[in-house]
Amino acid sequence: MNDIFSLSGRHALVTGASGGLGRQFARTLAAAGALVTVAARRADRCAETVTLIAAAGGRAQAVNLDVTDAAGVAAAFDAATEMAGAPVDVVVNNAGVAVTKPALKVTEDDWDWVMDTNLKGVWLVAQEAARRMAAPGPDGAPRGGNIVNIASIIAFRQGSRIASYAISKAGVVQLTKILALELADKGIRVNALAPGYVITDMNRDILEGPAGQVIVQRIPQGRFGRPEDLDGPLLLLASDASSFMTGSVIAADGGQLVNSL
C-alpha cells in the first residue's frame, strides 16, 4: 500500500460497525494500519468484527455506543481513549437506519427514529469528536483530526418511500460542509462519502431480486456496488492523501448521479 494511504499510528472510531458497511469500513481501516474502535449497540456483533480484524492481523477494540445518546457518546469516546491509550484521530460516522414507507404513511415515531440516528447521531458524534480534536496537543496547538460522515447519493436525488432517509442524508451533507468551515482552523477536516446502491446482507434480497433489475438499469456501470468498492474512497478521506480536502462529498455510485433523467 502506498504510504500516503497508511493509517499506521492512528486511532479510528467507526460507528455502526457491528455489520454491513460499518464492519467493512472497520476492517479496511485496520488493514491500513489503524487501531480501530468498533462502536455500536450490539456487543456480540461488535465482538465478531473485532475477531475478524484480529484474525487478519489488525488491531481492534469494541465499545458500546448508542449514537442518539449524548452522554453515551461521550462515555464511548472516554472508553475508547482509555483502552487504546491514545485519543481518537479518525471518526467514521456510519450508523444509520431507514424506514421504507410512502411519505403519508411515515409516523412521527418513524421520523424521529431515522432523524435521531442518521442526523442527530452524526451531529452528536462529530461534535464530541471535534471537541476532543480541538483540545491542545503537546505543542499547545489544537490536536486536530479527521471526520468522515457517511451520506448517500439519495441526498441529491429523489425517490419514493424513502422521505425521512433522504432528508436525513441531505442534512448530513450540509452538516459536513458547515463543520468543515467552522473546524478548519482547528486542524480538523470533515468530509463525506456518499455511496450509491451497494449490496449488503440487509438489502441483498431486494437488489438481487426483480426490483434490483429495474434499479441497476439506471446505473451507467451496469452493476451494483460491492462493499469493497468503497475501500478506496474511504481510505482517501481517512488518510493524509486528502490533506487538502475538507467539506468535500465523494460519490461512489457507478455513475448513477450523472445519469440522464
# chains A, B, ... in the order shown; residues from 1 in each chain; ligands from 1

call {"tool": "select_by_dssp", "arguments": {"residues": "region 61-227 of chain A", "states": "strand (DSSP E)", "output": "list in words"}}
result
Gln61, Ala62, Val63, Asn64, Val90, Val91, Val92, Asn93, Gly145, Asn146, Ile147, Val148, Asn149, Ile150, Ile188, Arg189, Val190, Asn191, Ala192, Leu193, Ala194 and Pro195 of chain A

call {"tool": "write_last_selection", "arguments": {"atoms": "N, CA and C atoms", "output": "mmCIF file, in the first residue's frame"}}
result
data_model
loop_
_atom_site.group_PDB
_atom_site.id
_atom_site.type_symbol
_atom_site.label_atom_id
_atom_site.label_comp_id
_atom_site.auth_asym_id
_atom_site.auth_seq_id
_atom_site.Cartn_x
_atom_site.Cartn_y
_atom_site.Cartn_z
ATOM 1 N N GLN A 61 -10.690 -2.882 19.022
ATOM 2 C CA GLN A 61 -11.336 -2.964 20.324
ATOM 3 C C GLN A 61 -12.774 -2.528 20.138
ATOM 4 N N ALA A 62 -13.636 -2.854 21.095
ATOM 5 C CA ALA A 62 -15.059 -2.553 20.944
ATOM 6 C C ALA A 62 -15.569 -1.720 22.102
ATOM 7 N N VAL A 63 -16.489 -0.809 21.797
ATOM 8 C CA VAL A 63 -17.197 -0.056 22.831
ATOM 9 C C VAL A 63 -18.678 -0.047 22.492
ATOM 10 N N ASN A 64 -19.494 -0.001 23.520
ATOM 11 C CA ASN A 64 -20.927 0.112 23.320
ATOM 12 C C ASN A 64 -21.275 1.558 22.999
ATOM 13 N N VAL A 90 -9.393 9.600 13.954
ATOM 14 C CA VAL A 90 -10.253 9.491 12.774
ATOM 15 C C VAL A 90 -11.605 8.958 13.218
ATOM 16 N N VAL A 91 -12.670 9.588 12.777
ATOM 17 C CA VAL A 91 -14.023 9.122 13.057
ATOM 18 C C VAL A 91 -14.737 8.841 11.734
ATOM 19 N N VAL A 92 -15.354 7.672 11.646
ATOM 20 C CA VAL A 92 -16.218 7.355 10.508
ATOM 21 C C VAL A 92 -17.639 7.251 11.050
ATOM 22 N N ASN A 93 -18.436 8.246 10.714
ATOM 23 C CA ASN A 93 -19.812 8.384 11.209
ATOM 24 C C ASN A 93 -20.738 7.586 10.296
ATOM 25 N N GLY A 145 -7.669 16.410 13.693
ATOM 26 C CA GLY A 145 -8.229 15.101 13.422
ATOM 27 C C GLY A 145 -9.026 15.104 12.136
ATOM 28 N N ASN A 146 -9.751 14.025 11.923
ATOM 29 C CA ASN A 146 -10.379 13.787 10.639
ATOM 30 C C ASN A 146 -11.720 13.096 10.854
ATOM 31 N N ILE A 147 -12.789 13.688 10.338
ATOM 32 C CA ILE A 147 -14.135 13.130 10.469
ATOM 33 C C ILE A 147 -14.671 12.819 9.075
ATOM 34 N N VAL A 148 -15.131 11.594 8.892
ATOM 35 C CA VAL A 148 -15.731 11.171 7.625
ATOM 36 C C VAL A 148 -17.175 10.774 7.910
ATOM 37 N N ASN A 149 -18.108 11.536 7.378
ATOM 38 C CA ASN A 149 -19.527 11.234 7.542
ATOM 39 C C ASN A 149 -20.016 10.409 6.360
ATOM 40 N N ILE A 150 -20.834 9.397 6.638
ATOM 41 C CA ILE A 150 -21.366 8.577 5.565
ATOM 42 C C ILE A 150 -22.742 9.113 5.172
ATOM 43 N N ILE A 188 -9.011 20.315 11.950
ATOM 44 C CA ILE A 188 -9.962 19.214 11.822
ATOM 45 C C ILE A 188 -10.575 19.255 10.432
ATOM 46 N N ARG A 189 -10.461 18.146 9.720
ATOM 47 C CA ARG A 189 -11.066 18.034 8.399
ATOM 48 C C ARG A 189 -12.363 17.244 8.507
ATOM 49 N N VAL A 190 -13.376 17.646 7.752
ATOM 50 C CA VAL A 190 -14.668 16.970 7.753
ATOM 51 C C VAL A 190 -15.105 16.781 6.306
ATOM 52 N N ASN A 191 -15.230 15.537 5.887
ATOM 53 C CA ASN A 191 -15.658 15.207 4.540
ATOM 54 C C ASN A 191 -16.750 14.143 4.604
ATOM 55 N N ALA A 192 -17.353 13.847 3.476
ATOM 56 C CA ALA A 192 -18.409 12.840 3.443
ATOM 57 C C ALA A 192 -18.223 11.900 2.266
ATOM 58 N N LEU A 193 -18.608 10.662 2.484
ATOM 59 C CA LEU A 193 -18.654 9.647 1.439
ATOM 60 C C LEU A 193 -20.121 9.332 1.168
ATOM 61 N N ALA A 194 -20.520 9.425 -0.091
ATOM 62 C CA ALA A 194 -21.918 9.207 -0.475
ATOM 63 C C ALA A 194 -22.018 7.983 -1.379
ATOM 64 N N PRO A 195 -22.285 6.811 -0.794
ATOM 65 C CA PRO A 195 -22.406 5.607 -1.624
ATOM 66 C C PRO A 195 -23.701 5.595 -2.416
#

call {"tool": "residues_around", "arguments": {"residues": "Asp112 (chain A)", "least_positions_apart": "6", "cutoff": "12 Å", "atoms": "only C-alpha atoms", "output": "list in words"}}
result
Thr68, Val97, Ala98, Val99, Val106, Asn118, Leu119, Lys120, Gly121, Ser164, Tyr165 and Ser168 of chain A

call {"tool": "atom_distance", "arguments": {"atom1": "CA of Tyr197 (chain A)", "atom2": "CA of Ala238 (chain A)"}}
result
21.5 Å

call {"tool": "select_by_dssp", "arguments": {"residues": "region 28-214 of chain A", "states": "helix (DSSP H, G or I)", "output": "ChimeraX atom specification"}}
result
/A:28-31,43-55,70-84,103-105,108-133,153-155,163-186,204-207,210-214

call {"tool": "residues_around", "arguments": {"residues": "Ala55 (chain A)", "least_positions_apart": "5", "cutoff": "12 Å", "atoms": "only C-alpha atoms", "output": "PyMOL selection string"}}
result
chain A and resi 27+30-31+48-50+60

call {"tool": "write_last_selection", "arguments": {"atoms": "N, CA and C atoms", "output": "tab-separated table (two decimals), in the first residue's frame"}}
result
chain	number	residue	atom	x	y	z
A	27	ARG	N	-12.74	-2.96	9.02
A	27	ARG	CA	-11.71	-3.89	8.53
A	27	ARG	C	-10.74	-3.20	7.58
A	30	ALA	N	-8.38	-0.95	9.62
A	30	ALA	CA	-7.41	-1.77	10.34
A	30	ALA	C	-6.35	-2.32	9.40
A	31	ALA	N	-6.75	-2.73	8.20
A	31	ALA	CA	-5.79	-3.25	7.22
A	31	ALA	C	-4.80	-2.17	6.80
A	48	GLU	N	-17.68	-9.80	17.10
A	48	GLU	CA	-17.41	-10.53	15.86
A	48	GLU	C	-16.51	-9.71	14.94
A	49	THR	N	-16.79	-8.41	14.84
A	49	THR	CA	-15.97	-7.54	14.00
A	49	THR	C	-14.54	-7.49	14.51
A	50	VAL	N	-14.38	-7.37	15.82
A	50	VAL	CA	-13.04	-7.35	16.42
A	50	VAL	C	-12.31	-8.64	16.11
A	60	ALA	N	-7.99	-4.09	16.99
A	60	ALA	CA	-9.32	-3.52	17.18
A	60	ALA	C	-9.77	-3.73	18.62

call {"tool": "closest_residue", "arguments": {"among": "A:Arg161, A:Lys177, A:Arg143, A:Arg218", "to": "Ser248 (chain A)", "atoms": "only C-alpha atoms"}}
result
A:Lys177

call {"tool": "residues_around", "arguments": {"residues": "Phe25 (chain A)", "least_positions_apart": "2", "cutoff": "9 Å", "atoms": "only C-alpha atoms", "output": "compact mmCIF listing (two decimals) with C-alpha atoms, in the first residue's frame"}}
result
# COMPACT_ATOMS: atom_id res chain seq x y z
CA VAL A 14 -16.29 3.61 13.40
CA ALA A 17 -19.54 -1.16 12.92
CA GLY A 20 -22.73 -4.25 6.88
CA LEU A 21 -20.73 -1.32 5.57
CA GLY A 22 -19.60 -0.35 9.07
CA ARG A 23 -17.88 -3.69 9.51
CA ARG A 27 -11.71 -3.89 8.53
CA THR A 28 -10.41 -1.57 5.81
CA LEU A 29 -9.04 0.97 8.28
CA ALA A 30 -7.41 -1.77 10.34
CA VAL A 92 -16.22 7.35 10.51
CA ASN A 94 -21.59 5.40 9.69
CA PRO A 227 -18.67 -3.14 -0.01
CA GLU A 228 -15.03 -3.30 -1.08
CA LEU A 230 -15.85 1.84 -1.02
CA ASP A 231 -12.40 0.95 0.35
CA LEU A 234 -12.81 5.72 2.41

call {"tool": "atom_distance", "arguments": {"atom1": "CA of Val125 (chain A)", "atom2": "CA of Val88 (chain A)"}}
result
11.7 Å

call {"tool": "closest_residue", "arguments": {"among": "A:Ala155, A:Ser160, A:Gly247, A:Lys186", "to": "Leu104 (chain A)", "atoms": "only C-alpha atoms"}}
result
A:Ser160

call {"tool": "closest_residue", "arguments": {"among": "A:Asp44, A:Val67, A:Ala252, A:Ala211", "to": "Gly232 (chain A)", "atoms": "only C-alpha atoms"}}
result
A:Ala252

call {"tool": "closest_residue", "arguments": {"among": "A:Leu235, A:Cys46, A:Ala80, A:Ala180", "to": "Ala130 (chain A)", "atoms": "only C-alpha atoms"}}
result
A:Ala180

call {"tool": "decode", "arguments": {"residues": "region 60-211 of chain A", "atoms": "C-alpha atoms", "output": "short mmCIF file (atom, residue, chain, number, x, y, z; two decimals), in the first residue's frame"}}
result
data_model
loop_
_atom_site.label_atom_id
_atom_site.label_comp_id
_atom_site.auth_asym_id
_atom_site.auth_seq_id
_atom_site.Cartn_x
_atom_site.Cartn_y
_atom_site.Cartn_z
CA ALA A 60 -9.32 -3.52 17.18
CA GLN A 61 -11.34 -2.96 20.32
CA ALA A 62 -15.06 -2.55 20.94
CA VAL A 63 -17.20 -0.06 22.83
CA ASN A 64 -20.93 0.11 23.32
CA LEU A 65 -22.45 3.14 21.60
CA ASP A 66 -25.94 4.48 21.03
CA VAL A 67 -25.33 7.49 18.79
CA THR A 68 -28.63 9.11 19.84
CA ASP A 69 -27.50 9.45 23.47
CA ALA A 70 -25.14 12.39 24.07
CA ALA A 71 -23.88 11.12 27.43
CA GLY A 72 -23.32 7.70 25.90
CA VAL A 73 -21.35 9.19 23.03
CA ALA A 74 -19.01 10.98 25.45
CA ALA A 75 -18.64 7.80 27.51
CA ALA A 76 -17.78 5.79 24.41
CA PHE A 77 -15.01 8.23 23.46
CA ASP A 78 -13.68 8.10 27.02
CA ALA A 79 -13.67 4.29 26.98
CA ALA A 80 -12.06 4.12 23.54
CA THR A 81 -9.30 6.52 24.58
CA GLU A 82 -8.64 4.71 27.86
CA MET A 83 -8.44 1.27 26.25
CA ALA A 84 -6.23 2.45 23.40
CA GLY A 85 -4.05 4.70 25.50
CA ALA A 86 -4.48 7.33 22.79
CA PRO A 87 -7.24 9.69 21.66
CA VAL A 88 -9.32 9.13 18.56
CA ASP A 89 -7.76 10.64 15.42
CA VAL A 90 -10.25 9.49 12.77
CA VAL A 91 -14.02 9.12 13.06
CA VAL A 92 -16.22 7.35 10.51
CA ASN A 93 -19.81 8.38 11.21
CA ASN A 94 -21.59 5.40 9.69
CA ALA A 95 -24.52 4.43 11.96
CA GLY A 96 -27.80 4.72 10.10
CA VAL A 97 -31.32 3.33 9.76
CA ALA A 98 -34.10 3.57 7.19
CA VAL A 99 -37.87 3.45 7.02
CA THR A 100 -39.33 2.50 3.64
CA LYS A 101 -42.90 3.79 3.55
CA PRO A 102 -44.85 6.29 1.45
CA ALA A 103 -44.43 9.76 2.92
CA LEU A 104 -48.05 9.90 4.07
CA LYS A 105 -47.62 6.64 5.97
CA VAL A 106 -44.50 7.71 7.89
CA THR A 107 -45.36 8.11 11.57
CA GLU A 108 -43.87 10.59 13.98
CA ASP A 109 -42.03 7.71 15.65
CA ASP A 110 -40.66 6.58 12.28
CA TRP A 111 -39.46 10.10 11.53
CA ASP A 112 -37.83 10.56 14.92
CA TRP A 113 -36.08 7.18 14.74
CA VAL A 114 -34.49 7.96 11.40
CA MET A 115 -33.59 11.58 12.19
CA ASP A 116 -32.27 10.78 15.65
CA THR A 117 -29.96 8.10 14.29
CA ASN A 118 -28.95 9.42 10.88
CA LEU A 119 -28.69 13.15 11.57
CA LYS A 120 -28.73 13.85 15.30
CA GLY A 121 -26.43 10.87 15.85
CA VAL A 122 -23.94 12.10 13.26
CA TRP A 123 -24.08 15.53 14.87
CA LEU A 124 -23.50 14.23 18.41
CA VAL A 125 -20.58 12.01 17.40
CA ALA A 126 -18.96 14.69 15.22
CA GLN A 127 -19.41 17.35 17.90
CA GLU A 128 -17.89 15.16 20.62
CA ALA A 129 -15.01 14.15 18.37
CA ALA A 130 -14.35 17.76 17.37
CA ARG A 131 -14.29 18.96 20.97
CA ARG A 132 -11.54 16.48 21.71
CA MET A 133 -9.66 17.07 18.47
CA ALA A 134 -9.72 20.82 19.10
CA ALA A 135 -8.10 20.40 22.52
CA PRO A 136 -4.44 21.49 22.76
CA GLY A 137 -1.81 18.91 21.98
CA PRO A 138 1.70 18.72 23.49
CA ASP A 139 2.79 21.76 21.46
CA GLY A 140 -0.20 23.81 22.57
CA ALA A 141 -1.85 23.80 19.13
CA PRO A 142 -5.15 22.01 18.51
CA ARG A 143 -4.52 18.28 18.23
CA GLY A 144 -6.58 18.09 15.03
CA GLY A 145 -8.23 15.10 13.42
CA ASN A 146 -10.38 13.79 10.64
CA ILE A 147 -14.13 13.13 10.47
CA VAL A 148 -15.73 11.17 7.62
CA ASN A 149 -19.53 11.23 7.54
CA ILE A 150 -21.37 8.58 5.57
CA ALA A 151 -24.05 10.23 3.44
CA SER A 152 -25.80 8.76 0.37
CA ILE A 153 -26.46 9.72 -3.22
CA ILE A 154 -30.12 9.93 -2.26
CA ALA A 155 -29.16 13.22 -0.60
CA PHE A 156 -29.02 14.62 -4.15
CA ARG A 157 -31.85 12.74 -5.83
CA GLN A 158 -35.45 11.88 -5.03
CA GLY A 159 -37.12 8.53 -4.59
CA SER A 160 -40.39 7.11 -3.39
CA ARG A 161 -40.84 5.57 0.07
CA ILE A 162 -37.60 6.99 1.49
CA ALA A 163 -38.57 10.51 2.52
CA SER A 164 -37.11 10.50 6.03
CA TYR A 165 -33.94 8.70 4.97
CA ALA A 166 -33.28 11.02 2.02
CA ILE A 167 -33.89 14.13 4.09
CA SER A 168 -31.62 12.88 6.88
CA LYS A 169 -28.79 12.23 4.42
CA ALA A 170 -29.23 15.63 2.81
CA GLY A 171 -28.82 17.03 6.30
CA VAL A 172 -25.60 15.04 6.72
CA VAL A 173 -24.19 16.63 3.56
CA GLN A 174 -24.96 20.14 4.77
CA LEU A 175 -23.68 19.34 8.27
CA THR A 176 -20.43 18.10 6.76
CA LYS A 177 -19.87 21.35 4.90
CA ILE A 178 -20.71 23.60 7.83
CA LEU A 179 -18.49 21.67 10.24
CA ALA A 180 -15.68 21.73 7.68
CA LEU A 181 -15.96 25.52 7.53
CA GLU A 182 -16.04 26.00 11.29
CA LEU A 183 -13.36 23.49 12.22
CA ALA A 184 -10.71 24.07 9.55
CA ASP A 185 -8.70 26.47 11.70
CA LYS A 186 -8.57 23.83 14.43
CA GLY A 187 -6.82 21.32 12.22
CA ILE A 188 -9.96 19.21 11.82
CA ARG A 189 -11.07 18.03 8.40
CA VAL A 190 -14.67 16.97 7.75
CA ASN A 191 -15.66 15.21 4.54
CA ALA A 192 -18.41 12.84 3.44
CA LEU A 193 -18.65 9.65 1.44
CA ALA A 194 -21.92 9.21 -0.47
CA PRO A 195 -22.41 5.61 -1.62
CA GLY A 196 -24.88 4.55 -4.24
CA TYR A 197 -26.54 1.13 -4.23
CA VAL A 198 -24.14 -1.27 -2.52
CA ILE A 199 -25.15 -4.86 -1.87
CA THR A 200 -25.03 -5.88 1.80
CA ASP A 201 -26.79 -8.57 3.80
CA MET A 202 -29.51 -6.04 4.67
CA ASN A 203 -30.55 -5.29 1.08
CA ARG A 204 -29.36 -8.37 -0.82
CA ASP A 205 -32.84 -9.87 -1.27
CA ILE A 206 -34.15 -6.65 -2.80
CA LEU A 207 -31.18 -5.76 -5.01
CA GLU A 208 -30.73 -9.29 -6.29
CA GLY A 209 -34.47 -9.66 -6.97
CA PRO A 210 -36.86 -8.21 -9.56
CA ALA A 211 -36.76 -4.70 -8.06
#
